[in-house]
file input.cif (mmCIF, C-alpha atoms and all ligand atoms)
data_final
#
loop_
_atom_site.group_PDB
_atom_site.id
_atom_site.type_symbol
_atom_site.label_atom_id
_atom_site.label_comp_id
_atom_site.auth_asym_id
_atom_site.auth_seq_id
_atom_site.Cartn_x
_atom_site.Cartn_y
_atom_site.Cartn_z
ATOM 1 C CA MET A 1 140.914 51.569 83.645
ATOM 2 C CA LYS A 2 140.654 54.723 85.780
ATOM 3 C CA ARG A 3 139.854 57.839 83.735
ATOM 4 C CA LYS A 4 142.174 60.829 84.100
ATOM 5 C CA VAL A 5 140.784 64.033 85.527
ATOM 6 C CA THR A 6 141.054 66.606 82.715
ATOM 7 C CA LYS A 7 138.057 68.877 83.319
ATOM 8 C CA ALA A 8 137.485 71.288 86.167
ATOM 9 C CA ILE A 9 134.411 73.291 87.088
ATOM 10 C CA PHE A 10 134.931 76.718 88.672
ATOM 11 C CA PRO A 11 131.672 77.866 90.267
ATOM 12 C CA VAL A 12 131.941 81.664 90.276
ATOM 13 C CA ALA A 13 128.292 82.650 90.179
ATOM 14 C CA GLY A 14 127.885 83.537 93.858
ATOM 15 C CA LEU A 15 126.831 87.029 94.890
ATOM 16 C CA GLY A 16 129.902 87.687 97.030
ATOM 17 C CA THR A 17 127.872 89.691 99.548
ATOM 18 C CA ARG A 18 130.643 89.596 102.147
ATOM 19 C CA PHE A 19 132.679 91.873 99.897
ATOM 20 C CA LEU A 20 130.062 94.493 99.210
ATOM 21 C CA PRO A 21 130.324 97.212 98.043
ATOM 22 C CA ALA A 22 133.346 96.022 95.960
ATOM 23 C CA THR A 23 131.370 93.120 94.500
ATOM 24 C CA LYS A 24 128.693 95.496 93.244
ATOM 25 C CA SER A 25 130.816 95.843 90.126
ATOM 26 C CA ILE A 26 133.867 93.569 90.573
ATOM 27 C CA PRO A 27 133.528 89.796 90.623
ATOM 28 C CA LYS A 28 135.063 88.470 93.853
ATOM 29 C CA GLU A 29 137.320 86.186 91.805
ATOM 30 C CA ILE A 30 138.959 89.186 90.110
ATOM 31 C CA MET A 31 140.016 90.734 93.405
ATOM 32 C CA THR A 32 143.776 90.656 93.664
ATOM 33 C CA LEU A 33 145.972 88.850 96.104
ATOM 34 C CA VAL A 34 149.176 90.910 95.808
ATOM 35 C CA ASP A 35 149.010 91.328 92.011
ATOM 36 C CA ARG A 36 147.111 88.320 90.707
ATOM 37 C CA PRO A 37 143.367 87.858 90.705
ATOM 38 C CA LEU A 38 142.084 84.985 92.835
ATOM 39 C CA ILE A 39 141.003 83.145 89.698
ATOM 40 C CA GLN A 40 144.600 83.058 88.416
ATOM 41 C CA TYR A 41 145.713 81.100 91.491
ATOM 42 C CA ALA A 42 142.906 78.606 90.849
ATOM 43 C CA ILE A 43 143.784 78.258 87.163
ATOM 44 C CA ASP A 44 147.482 77.741 87.923
ATOM 45 C CA GLU A 45 146.599 75.062 90.455
ATOM 46 C CA ALA A 46 144.311 73.301 87.971
ATOM 47 C CA ARG A 47 146.932 73.395 85.221
ATOM 48 C CA ALA A 48 149.542 71.898 87.549
ATOM 49 C CA ALA A 49 147.117 69.038 88.198
ATOM 50 C CA GLY A 50 146.797 68.272 84.470
ATOM 51 C CA ILE A 51 143.442 69.967 83.851
ATOM 52 C CA LYS A 52 142.916 70.783 80.165
ATOM 53 C CA GLU A 53 139.342 72.069 80.102
ATOM 54 C CA PHE A 54 138.182 74.876 82.355
ATOM 55 C CA ILE A 55 134.457 75.312 82.866
ATOM 56 C CA PHE A 56 133.302 78.526 84.514
ATOM 57 C CA VAL A 57 129.830 78.744 85.950
ATOM 58 C CA THR A 58 129.214 82.484 85.879
ATOM 59 C CA SER A 59 126.340 84.872 86.392
ATOM 60 C CA ARG A 60 125.224 88.400 85.615
ATOM 61 C CA GLY A 61 127.914 91.007 86.299
ATOM 62 C CA LYS A 62 130.893 88.688 85.818
ATOM 63 C CA GLY A 63 131.994 90.171 82.480
ATOM 64 C CA ALA A 64 135.374 91.261 83.903
ATOM 65 C CA LEU A 65 136.134 87.622 84.592
ATOM 66 C CA GLU A 66 135.573 86.627 80.972
ATOM 67 C CA ASP A 67 137.610 89.611 79.749
ATOM 68 C CA TYR A 68 140.484 88.635 82.004
ATOM 69 C CA PHE A 69 141.020 85.462 79.986
ATOM 70 C CA ASP A 70 141.136 87.203 76.620
ATOM 71 C CA HIS A 71 144.560 87.675 75.076
ATOM 72 C CA SER A 72 145.716 91.288 75.038
ATOM 73 C CA PRO A 73 147.649 91.812 71.777
ATOM 74 C CA GLU A 74 147.975 95.600 72.188
ATOM 75 C CA LEU A 75 149.420 95.310 75.661
ATOM 76 C CA GLU A 76 151.730 92.513 74.526
ATOM 77 C CA ASN A 77 152.930 94.610 71.568
ATOM 78 C CA THR A 78 153.613 97.616 73.756
ATOM 79 C CA LEU A 79 155.600 95.537 76.244
ATOM 80 C CA ARG A 80 157.522 93.904 73.365
ATOM 81 C CA LYS A 81 158.386 97.310 71.835
ATOM 82 C CA LYS A 82 159.566 98.599 75.202
ATOM 83 C CA GLY A 83 161.685 95.504 75.733
ATOM 84 C CA LYS A 84 159.834 94.587 78.932
ATOM 85 C CA THR A 85 160.460 90.899 78.430
ATOM 86 C CA ASP A 86 159.759 89.795 81.995
ATOM 87 C CA LEU A 87 156.348 91.447 82.069
ATOM 88 C CA LEU A 88 155.584 90.072 78.619
ATOM 89 C CA GLU A 89 156.407 86.523 79.678
ATOM 90 C CA MET A 90 154.352 86.903 82.836
ATOM 91 C CA LEU A 91 151.409 88.198 80.834
ATOM 92 C CA LYS A 92 151.683 85.368 78.318
ATOM 93 C CA SER A 93 151.721 82.791 81.109
ATOM 94 C CA THR A 94 148.155 83.856 81.927
ATOM 95 C CA ASN A 95 146.929 83.267 78.354
ATOM 96 C CA MET A 96 144.585 80.367 77.852
ATOM 97 C CA ASP A 97 144.428 78.199 74.729
ATOM 98 C CA SER A 98 141.518 78.810 72.386
ATOM 99 C CA GLY A 99 138.681 76.480 73.253
ATOM 100 C CA ALA A 100 140.101 75.538 76.642
ATOM 101 C CA ILE A 101 137.581 77.663 78.528
ATOM 102 C CA ALA A 102 133.825 77.282 78.525
ATOM 103 C CA TYR A 103 131.382 79.613 80.242
ATOM 104 C CA ILE A 104 127.994 78.500 81.358
ATOM 105 C CA ARG A 105 125.470 80.687 83.091
ATOM 106 C CA GLN A 106 123.786 80.058 86.420
ATOM 107 C CA HIS A 107 120.718 82.240 86.106
ATOM 108 C CA LYS A 108 119.940 82.365 89.797
ATOM 109 C CA ALA A 109 122.244 81.844 92.780
ATOM 110 C CA LEU A 110 120.638 78.591 93.930
ATOM 111 C CA GLY A 111 123.677 77.221 95.709
ATOM 112 C CA LEU A 112 126.930 75.440 94.948
ATOM 113 C CA GLY A 113 125.276 72.138 94.004
ATOM 114 C CA HIS A 114 123.090 73.946 91.511
ATOM 115 C CA ALA A 115 126.115 75.774 90.045
ATOM 116 C CA VAL A 116 127.915 72.453 89.495
ATOM 117 C CA TRP A 117 124.743 70.938 88.023
ATOM 118 C CA CYS A 118 124.615 73.810 85.479
ATOM 119 C CA ALA A 119 127.794 72.379 83.892
ATOM 120 C CA ARG A 120 126.335 68.882 83.387
ATOM 121 C CA ARG A 121 126.139 69.034 79.580
ATOM 122 C CA LEU A 122 129.819 69.910 79.285
ATOM 123 C CA LEU A 123 130.918 66.689 80.963
ATOM 124 C CA SER A 124 130.814 63.169 79.642
ATOM 125 C CA ASN A 125 131.183 59.954 81.580
ATOM 126 C CA GLU A 126 134.354 60.961 83.403
ATOM 127 C CA PRO A 127 135.553 62.161 86.816
ATOM 128 C CA PHE A 128 135.840 65.929 87.129
ATOM 129 C CA ALA A 129 137.317 68.441 89.547
ATOM 130 C CA VAL A 130 135.518 71.301 91.258
ATOM 131 C CA ILE A 131 137.597 74.252 92.454
ATOM 132 C CA LEU A 132 136.240 77.105 94.552
ATOM 133 C CA PRO A 133 138.578 79.999 93.746
ATOM 134 C CA ASP A 134 137.928 81.799 97.020
ATOM 135 C CA ASP A 135 139.695 78.983 98.845
ATOM 136 C CA VAL A 136 143.333 79.798 98.080
ATOM 137 C CA ILE A 137 145.860 77.171 99.114
ATOM 138 C CA ALA A 138 149.568 77.823 99.532
ATOM 139 C CA ALA A 139 151.407 74.537 99.069
ATOM 140 C CA ASP A 140 154.695 73.192 97.728
ATOM 141 C CA THR A 141 152.756 70.731 95.572
ATOM 142 C CA PRO A 142 149.519 72.410 94.487
ATOM 143 C CA CYS A 143 146.524 70.961 96.356
ATOM 144 C CA LEU A 144 144.617 69.610 93.355
ATOM 145 C CA GLN A 145 147.752 67.908 92.088
ATOM 146 C CA GLN A 146 148.132 66.166 95.459
ATOM 147 C CA MET A 147 144.505 65.078 95.182
ATOM 148 C CA VAL A 148 144.800 63.839 91.591
ATOM 149 C CA GLU A 149 147.769 61.696 92.648
ATOM 150 C CA ALA A 150 145.868 60.251 95.618
ATOM 151 C CA HIS A 151 142.751 59.783 93.490
ATOM 152 C CA ALA A 152 144.731 57.692 90.996
ATOM 153 C CA GLU A 153 144.996 55.149 93.844
ATOM 154 C CA THR A 154 141.510 55.390 95.353
ATOM 155 C CA GLY A 155 139.193 56.325 92.461
ATOM 156 C CA GLY A 156 135.710 57.361 93.615
ATOM 157 C CA ASN A 157 134.938 60.779 95.042
ATOM 158 C CA MET A 158 137.477 62.815 96.936
ATOM 159 C CA VAL A 159 137.033 66.005 98.966
ATOM 160 C CA ALA A 160 139.879 68.144 100.307
ATOM 161 C CA ALA A 161 139.801 68.249 104.083
ATOM 162 C CA MET A 162 141.629 69.981 106.896
ATOM 163 C CA GLU A 163 141.616 69.784 110.685
ATOM 164 C CA VAL A 164 139.784 72.705 112.298
ATOM 165 C CA PRO A 165 139.339 73.587 115.992
ATOM 166 C CA THR A 166 136.154 72.046 117.435
ATOM 167 C CA GLU A 167 134.531 75.446 117.969
ATOM 168 C CA LYS A 168 134.890 76.170 114.242
ATOM 169 C CA THR A 169 133.165 73.022 112.923
ATOM 170 C CA SER A 170 129.843 74.857 112.623
ATOM 171 C CA ALA A 171 131.287 76.823 109.688
ATOM 172 C CA TYR A 172 132.054 73.735 107.560
ATOM 173 C CA GLY A 173 130.862 70.420 106.205
ATOM 174 C CA VAL A 174 132.465 67.857 108.545
ATOM 175 C CA LEU A 175 133.473 64.269 107.738
ATOM 176 C CA ASP A 176 132.356 61.224 109.680
ATOM 177 C CA ILE A 177 135.407 59.013 109.288
ATOM 178 C CA LYS A 178 135.115 55.284 108.584
ATOM 179 C CA GLU A 179 138.799 54.486 108.314
ATOM 180 C CA ASP A 180 141.776 56.812 108.782
ATOM 181 C CA MET A 181 144.632 55.861 106.468
ATOM 182 C CA GLY A 182 146.765 58.964 107.031
ATOM 183 C CA SER A 183 146.434 61.496 104.270
ATOM 184 C CA VAL A 184 143.383 59.644 102.922
ATOM 185 C CA VAL A 185 140.328 58.805 105.045
ATOM 186 C CA SER A 186 137.297 56.825 103.943
ATOM 187 C CA VAL A 187 134.052 58.513 104.840
ATOM 188 C CA LYS A 188 130.811 57.109 106.219
ATOM 189 C CA GLY A 189 128.950 60.383 106.523
ATOM 190 C CA MET A 190 129.080 64.152 106.041
ATOM 191 C CA VAL A 191 127.403 66.610 108.362
ATOM 192 C CA GLU A 192 126.768 70.150 107.177
ATOM 193 C CA LYS A 193 127.746 72.854 109.718
ATOM 194 C CA PRO A 194 127.359 70.791 112.924
ATOM 195 C CA ASP A 195 127.391 72.378 116.380
ATOM 196 C CA ALA A 196 130.685 71.654 118.146
ATOM 197 C CA ASP A 197 129.136 68.944 120.348
ATOM 198 C CA LYS A 198 127.567 67.184 117.339
ATOM 199 C CA ALA A 199 130.596 67.231 115.009
ATOM 200 C CA PRO A 200 131.635 63.659 114.123
ATOM 201 C CA SER A 201 135.294 64.744 113.687
ATOM 202 C CA ASN A 202 137.464 67.828 113.253
ATOM 203 C CA LEU A 203 138.009 67.149 109.584
ATOM 204 C CA ALA A 204 136.339 69.895 107.572
ATOM 205 C CA VAL A 205 135.654 69.948 103.839
ATOM 206 C CA ILE A 206 137.112 72.836 101.845
ATOM 207 C CA GLY A 207 136.771 73.924 98.234
ATOM 208 C CA ARG A 208 138.479 71.224 96.186
ATOM 209 C CA TYR A 209 136.680 68.120 94.957
ATOM 210 C CA ILE A 210 137.181 65.278 92.509
ATOM 211 C CA LEU A 211 133.778 63.817 91.703
ATOM 212 C CA THR A 212 132.321 60.935 89.729
ATOM 213 C CA PRO A 213 129.614 61.350 87.075
ATOM 214 C CA ASP A 214 127.268 59.633 89.568
ATOM 215 C CA VAL A 215 127.354 62.774 91.732
ATOM 216 C CA MET A 216 126.032 64.718 88.736
ATOM 217 C CA ASN A 217 123.286 62.092 88.351
ATOM 218 C CA HIS A 218 122.362 62.557 92.016
ATOM 219 C CA LEU A 219 122.224 66.325 91.495
ATOM 220 C CA ASN A 220 119.913 65.685 88.540
ATOM 221 C CA ARG A 221 117.601 63.547 90.636
ATOM 222 C CA ILE A 222 117.599 65.912 93.613
ATOM 223 C CA LYS A 223 116.942 68.787 91.228
ATOM 224 C CA SER A 224 113.903 67.193 89.674
ATOM 225 C CA GLY A 225 112.639 66.150 93.130
ATOM 226 C CA ALA A 226 113.077 68.869 95.744
ATOM 227 C CA GLY A 227 113.379 72.099 93.726
ATOM 228 C CA GLY A 228 114.957 75.174 95.349
ATOM 229 C CA GLU A 229 118.525 75.053 96.680
ATOM 230 C CA LEU A 230 120.728 72.224 95.553
ATOM 231 C CA GLN A 231 123.479 71.187 97.967
ATOM 232 C CA LEU A 232 126.620 69.590 96.600
ATOM 233 C CA THR A 233 127.134 67.910 99.983
ATOM 234 C CA ASP A 234 123.768 66.112 99.649
ATOM 235 C CA ALA A 235 124.745 64.664 96.288
ATOM 236 C CA ILE A 236 128.145 63.512 97.589
ATOM 237 C CA ALA A 237 126.490 62.041 100.685
ATOM 238 C CA GLN A 238 124.283 59.928 98.403
ATOM 239 C CA GLU A 239 127.428 58.373 96.975
ATOM 240 C CA ILE A 240 128.392 57.252 100.480
ATOM 241 C CA THR A 241 125.133 55.327 100.736
ATOM 242 C CA SER A 242 124.962 53.978 97.209
ATOM 243 C CA ALA A 243 128.613 53.337 96.318
ATOM 244 C CA ASP A 244 130.666 53.694 99.524
ATOM 245 C CA ASN A 245 133.395 55.462 97.556
ATOM 246 C CA VAL A 246 133.872 58.855 99.209
ATOM 247 C CA TYR A 247 137.281 59.832 100.558
ATOM 248 C CA GLY A 248 138.595 62.812 102.435
ATOM 249 C CA PHE A 249 142.087 63.998 101.596
ATOM 250 C CA ARG A 250 144.282 65.805 104.128
ATOM 251 C CA PHE A 251 146.246 68.055 101.793
ATOM 252 C CA LYS A 252 149.626 69.476 102.719
ATOM 253 C CA GLY A 253 149.486 73.262 102.646
ATOM 254 C CA GLN A 254 147.760 76.267 104.111
ATOM 255 C CA ARG A 255 144.279 77.249 103.088
ATOM 256 C CA PHE A 256 143.029 80.824 103.171
ATOM 257 C CA ASP A 257 139.338 81.626 103.097
ATOM 258 C CA CYS A 258 139.477 84.522 100.665
ATOM 259 C CA GLY A 259 135.679 84.626 100.603
ATOM 260 C CA SER A 260 135.906 86.388 103.977
ATOM 261 C CA LYS A 261 137.561 89.716 104.708
ATOM 262 C CA ALA A 262 139.762 88.380 107.528
ATOM 263 C CA GLY A 263 140.891 85.430 105.367
ATOM 264 C CA PHE A 264 141.671 87.713 102.445
ATOM 265 C CA LEU A 265 143.797 89.989 104.637
ATOM 266 C CA GLN A 266 145.665 87.005 106.093
ATOM 267 C CA ALA A 267 146.319 85.676 102.591
ATOM 268 C CA THR A 268 147.573 89.080 101.480
ATOM 269 C CA VAL A 269 150.105 89.120 104.320
ATOM 270 C CA ALA A 270 151.198 85.515 103.729
ATOM 271 C CA PHE A 271 151.536 85.871 99.947
ATOM 272 C CA GLY A 272 153.198 89.280 100.293
ATOM 273 C CA LEU A 273 155.790 87.867 102.689
ATOM 274 C CA ALA A 274 156.410 84.943 100.326
ATOM 275 C CA ARG A 275 157.384 87.260 97.466
ATOM 276 C CA ASP A 276 161.107 87.883 96.990
ATOM 277 C CA ASP A 277 160.472 91.309 95.479
ATOM 278 C CA LEU A 278 158.328 92.489 98.399
ATOM 279 C CA LYS A 279 159.181 90.592 101.521
ATOM 280 C CA ASP A 280 161.972 92.783 102.966
ATOM 281 C CA GLU A 281 160.069 96.047 102.738
ATOM 282 C CA PHE A 282 156.796 94.434 103.774
ATOM 283 C CA GLN A 283 158.321 92.588 106.732
ATOM 284 C CA ASP A 284 159.908 95.819 108.020
ATOM 285 C CA TYR A 285 156.587 97.584 107.688
ATOM 286 C CA LEU A 286 154.723 94.852 109.585
ATOM 287 C CA ALA A 287 157.365 94.822 112.329
ATOM 288 C CA ASP A 288 157.023 98.628 112.685
ATOM 289 C CA MET A 289 153.251 98.339 112.844
ATOM 290 C CA MET A 290 153.445 95.702 115.552
ATOM 291 C CA SER A 291 155.853 97.727 117.669
ATOM 292 C CA VAL A 292 153.701 100.858 117.322
ATOM 293 C CA ARG A 293 150.686 98.806 118.392
ATOM 294 C CA SER A 294 152.346 97.258 121.402
ATOM 295 C CA ALA A 295 153.732 100.671 122.454
ATOM 296 C CA ALA A 296 150.208 102.086 122.295
ATOM 297 C CA GLN A 297 148.795 99.347 124.546
HETATM 298 P P1 LIG B 301 129.986 81.328 98.910
HETATM 299 O O1 LIG B 301 129.340 80.524 99.961
HETATM 300 O O2 LIG B 301 131.302 81.950 99.226
HETATM 301 O O3 LIG B 301 128.940 82.420 98.443
HETATM 302 O O4 LIG B 301 130.127 80.406 97.629
HETATM 303 P P2 LIG B 301 129.202 83.750 97.626
HETATM 304 O O5 LIG B 301 127.889 84.183 97.050
HETATM 305 O O6 LIG B 301 130.305 83.581 96.646
HETATM 306 O O7 LIG B 301 129.703 84.813 98.718
HETATM 307 P P3 LIG B 301 128.938 85.475 99.979
HETATM 308 O O8 LIG B 301 128.739 84.374 100.977
HETATM 309 O O9 LIG B 301 127.659 86.097 99.504
HETATM 310 O O10 LIG B 301 129.909 86.518 100.430
HETATM 311 C C1 LIG B 301 131.160 79.458 97.492
HETATM 312 C C2 LIG B 301 131.475 79.289 96.011
HETATM 313 O O11 LIG B 301 130.318 78.804 95.308
HETATM 314 C C3 LIG B 301 129.988 79.684 94.253
HETATM 315 C C4 LIG B 301 130.605 81.024 94.620
HETATM 316 O O12 LIG B 301 130.850 81.802 93.472
HETATM 317 C C5 LIG B 301 131.885 80.590 95.332
HETATM 318 O O13 LIG B 301 132.925 80.285 94.408
HETATM 319 N N1 LIG B 301 128.508 79.741 94.134
HETATM 320 C C6 LIG B 301 127.743 79.872 95.263
HETATM 321 C C7 LIG B 301 127.910 79.687 92.898
HETATM 322 O O14 LIG B 301 128.598 79.581 91.855
HETATM 323 N N2 LIG B 301 126.546 79.750 92.818
HETATM 324 C C8 LIG B 301 125.766 79.855 93.911
HETATM 325 O O15 LIG B 301 124.523 79.889 93.766
HETATM 326 C C9 LIG B 301 126.388 79.918 95.166
#
call {"tool": "encode", "arguments": {"input": "input.cif", "output": "structure tokens"}}
result
Amino acid sequence: MKRKVTKAIFPVAGLGTRFLPATKSIPKEIMTLVDRPLIQYAIDEARAAGIKEFIFVTSRGKGALEDYFDHSPELENTLRKKGKTDLLEMLKSTNMDSGAIAYIRQHKALGLGHAVWCARRLLSNEPFAVILPDDVIAADTPCLQQMVEAHAETGGNMVAAMEVPTEKTSAYGVLDIKEDMGSVVSVKGMVEKPDADKAPSNLAVIGRYILTPDVMNHLNRIKSGAGGELQLTDAIAQEITSADNVYGFRFKGQRFDCGSKAGFLQATVAFGLARDDLKDEFQDYLADMMSVRSAAQ
């Protein structure tokens, strides 16, 4: 019987250097897209996919992230007294159940694979999800939910993938496709950041994964062998060789790279325009800006 995916790892221990100086004191994942921190989008997506246990791999300076998930009785009381029911409900929807969150520390930023490996003792013999909160995905059906549904059919390891222009492949891990079945592809190889002329396809891996415990075992072996940086891609690639059970999943939705400044700004515009309470004013403002710009040119 296939095991359900109920645990998700959120690696949030990176240094976030592309957002310095903000990330000197604010974890990148707390930065707000409209009015919600990036991490809230990731949590909501995980919940929609049926995740019950949330494992954060954190590091020094991420205290604000842990505080964010504490309940805030004083604030709730004040809102209740003032009759601000909508705000109260919204606040409560961000509360997490006691014991649903675990924090584990990555003592040194030794890469994504290493961050995932740090959570090994919190998993048993079950598939698990990995969500990178700086990849924010706008979708009618949340991306991880789409993946969990597809994974119920395929089993094995699944990585979220999207088509990128050939000249952009060097920024991603790229899939070498064995068989293309539409939204699901089986994979015969993964190439990390290939030059455009060496990319085996245009299908790039982004920050959502459903992985088997074997990937964690590979990370363990690589860790004890090579030392230094641990790449998640290497461990997944080993599964292609040993078990031939790696799939790419073309999700339906739009992904924003909120780990980069340009991506964050694009996401802010897209999410702002999608909000009923903001879109009219915001749209007018953007239209004015564009006409001022074109007049100036
Ligand atoms: P990034 O490649 O975006 O690195 O990590 P970063 O450190 O967060 O940001 P920059 O590049 O310096 O601006 C992708 C994801 O992997 C996590 C990050 O927190 C992010 O969610 N990560 C990365 C770790 O948890 N540990 C690491 O050692 C590296």
call {"tool": "resolve_selection", "arguments": {"input": "input.cif", "expression": "the PyMOL selection byres (((chain A and resi 38-41) around 12) and not hetatm)", "output": "ChimeraX atom specification"}}
result
/A:10-12,27-37,42-48,54,56,64-66,68-69,90-91,93-96,131-139,142-144,256-259,264,267-268,271
call {"tool": "axis_aligned_box", "arguments": {"input": "input.cif", "around": "ligand LIG 301 (chain B)", "padding_each_side": "3 Å", "output": "AutoDock Vina command-line options"}}
result
--center_x 128.7 --center_y 82.7 --center_z 96.4 --size_x 14.4 --size_y 13.7 --size_z 15.1
call {"tool": "atom_distance", "arguments": {"input": "input.cif", "atom1": "atom CA of A:Tyr285", "atom2": "atom CA of A:Thr23"}}
result
28.8 Å
call {"tool": "closest_residue", "arguments": {"input": "input.cif", "among": "A:Pro165, A:Lys178, A:Arg105, A:Asp70", "to": "ligand LIG 301 (chain B)", "atoms": "only C-alpha atoms and all ligand atoms"}}
result
A:Arg105
call {"tool": "resolve_selection", "arguments": {"input": "input.cif", "expression": "the PyMOL selection byres (((chain A and resi 203) around 10) and not hetatm)", "output": "compact mmCIF listing (two decimals) with C-alpha atoms, in the coordinates of the input"}}
result
# COMPACT_ATOMS: atom_id res chain seq x y z
CA ALA A 160 139.88 68.14 100.31
CA ALA A 161 139.80 68.25 104.08
CA MET A 162 141.63 69.98 106.90
CA GLU A 163 141.62 69.78 110.68
CA VAL A 164 139.78 72.70 112.30
CA PRO A 165 139.34 73.59 115.99
CA THR A 166 136.15 72.05 117.44
CA THR A 169 133.16 73.02 112.92
CA TYR A 172 132.05 73.74 107.56
CA GLY A 173 130.86 70.42 106.20
CA VAL A 174 132.46 67.86 108.54
CA LEU A 175 133.47 64.27 107.74
CA ASP A 176 132.36 61.22 109.68
CA ILE A 177 135.41 59.01 109.29
CA VAL A 185 140.33 58.80 105.04
CA ALA A 199 130.60 67.23 115.01
CA PRO A 200 131.64 63.66 114.12
CA SER A 201 135.29 64.74 113.69
CA ASN A 202 137.46 67.83 113.25
CA ALA A 204 136.34 69.90 107.57
CA VAL A 205 135.65 69.95 103.84
CA ILE A 206 137.11 72.84 101.84
CA GLY A 248 138.60 62.81 102.44
CA PHE A 249 142.09 64.00 101.60
CA ARG A 250 144.28 65.81 104.13
call {"tool": "closest_residue", "arguments": {"input": "input.cif", "among": "A:Leu110, A:Val116, A:Leu265, A:Ile240", "to": "ligand LIG 301 (chain B)", "atoms": "all atoms listed in the file"}}
result
A:Leu110
call {"tool": "residues_near_ligand", "arguments": {"input": "input.cif", "ligand": "ligand LIG 301 (chain B)", "cutoff": "7 Å", "atoms": "only C-alpha atoms and all ligand atoms", "output": "NGL selection string"}}
result
:A and (11-19 or 57-58 or 106 or 108-112 or 114-115 or 132-134 or 259-260)
call {"tool": "atom_distance", "arguments": {"input": "input.cif", "atom1": "atom CA of A:Asp277", "atom2": "atom CA of A:Arg293"}}
result
26.0 Å
call {"tool": "resolve_selection", "arguments": {"input": "input.cif", "expression": "the PyMOL selection byres (((chain A and resi 170) around 7) and not hetatm)", "output": "ChimeraX atom specification"}}
result
/A:168-169,171-172,193-196
call {"tool": "decode", "arguments": {"input": "input.cif", "residues": "stretch 4-18 of chain A", "atoms": "N, CA and C atoms", "output": "PDB file, in the first residue's frame"}}
result
ATOM      1  N   LYS A   4       0.697   7.654   2.619  1.00  0.00           N
ATOM      2  CA  LYS A   4       0.306   9.047   2.370  1.00  0.00           C
ATOM      3  C   LYS A   4       1.436   9.987   2.725  1.00  0.00           C
ATOM      4  N   VAL A   5       1.457  11.134   2.071  1.00  0.00           N
ATOM      5  CA  VAL A   5       2.487  12.125   2.389  1.00  0.00           C
ATOM      6  C   VAL A   5       1.911  13.051   3.464  1.00  0.00           C
ATOM      7  N   THR A   6       2.421  12.960   4.687  1.00  0.00           N
ATOM      8  CA  THR A   6       1.875  13.790   5.774  1.00  0.00           C
ATOM      9  C   THR A   6       2.924  14.708   6.407  1.00  0.00           C
ATOM     10  N   LYS A   7       4.192  14.552   5.985  1.00  0.00           N
ATOM     11  CA  LYS A   7       5.231  15.404   6.572  1.00  0.00           C
ATOM     12  C   LYS A   7       5.886  16.239   5.479  1.00  0.00           C
ATOM     13  N   ALA A   8       6.179  17.479   5.822  1.00  0.00           N
ATOM     14  CA  ALA A   8       6.886  18.330   4.854  1.00  0.00           C
ATOM     15  C   ALA A   8       8.067  19.009   5.542  1.00  0.00           C
ATOM     16  N   ILE A   9       9.169  19.055   4.812  1.00  0.00           N
ATOM     17  CA  ILE A   9      10.358  19.767   5.287  1.00  0.00           C
ATOM     18  C   ILE A   9      10.402  21.134   4.592  1.00  0.00           C
ATOM     19  N   PHE A  10      10.628  22.170   5.377  1.00  0.00           N
ATOM     20  CA  PHE A  10      10.793  23.528   4.847  1.00  0.00           C
ATOM     21  C   PHE A  10      12.227  23.974   5.143  1.00  0.00           C
ATOM     22  N   PRO A  11      13.119  23.871   4.156  1.00  0.00           N
ATOM     23  CA  PRO A  11      14.490  24.318   4.415  1.00  0.00           C
ATOM     24  C   PRO A  11      14.534  25.843   4.381  1.00  0.00           C
ATOM     25  N   VAL A  12      14.800  26.451   5.523  1.00  0.00           N
ATOM     26  CA  VAL A  12      14.806  27.922   5.601  1.00  0.00           C
ATOM     27  C   VAL A  12      16.086  28.415   6.266  1.00  0.00           C
ATOM     28  N   ALA A  13      17.159  27.667   6.060  1.00  0.00           N
ATOM     29  CA  ALA A  13      18.406  27.994   6.754  1.00  0.00           C
ATOM     30  C   ALA A  13      19.398  28.743   5.874  1.00  0.00           C
ATOM     31  N   GLY A  14      18.967  29.077   4.649  1.00  0.00           N
ATOM     32  CA  GLY A  14      19.895  29.770   3.736  1.00  0.00           C
ATOM     33  C   GLY A  14      20.212  31.169   4.241  1.00  0.00           C
ATOM     34  N   LEU A  15      21.241  31.767   3.682  1.00  0.00           N
ATOM     35  CA  LEU A  15      21.694  33.082   4.146  1.00  0.00           C
ATOM     36  C   LEU A  15      20.889  34.220   3.535  1.00  0.00           C
ATOM     37  N   GLY A  16      20.241  33.961   2.406  1.00  0.00           N
ATOM     38  CA  GLY A  16      19.429  34.991   1.765  1.00  0.00           C
ATOM     39  C   GLY A  16      20.238  36.205   1.347  1.00  0.00           C
ATOM     40  N   THR A  17      21.426  35.979   0.815  1.00  0.00           N
ATOM     41  CA  THR A  17      22.326  37.116   0.514  1.00  0.00           C
ATOM     42  C   THR A  17      21.761  38.044  -0.556  1.00  0.00           C
ATOM     43  N   ARG A  18      20.877  37.516  -1.427  1.00  0.00           N
ATOM     44  CA  ARG A  18      20.355  38.386  -2.477  1.00  0.00           C
ATOM     45  C   ARG A  18      19.423  39.460  -1.921  1.00  0.00           C
TER      46      ARG A  18
END
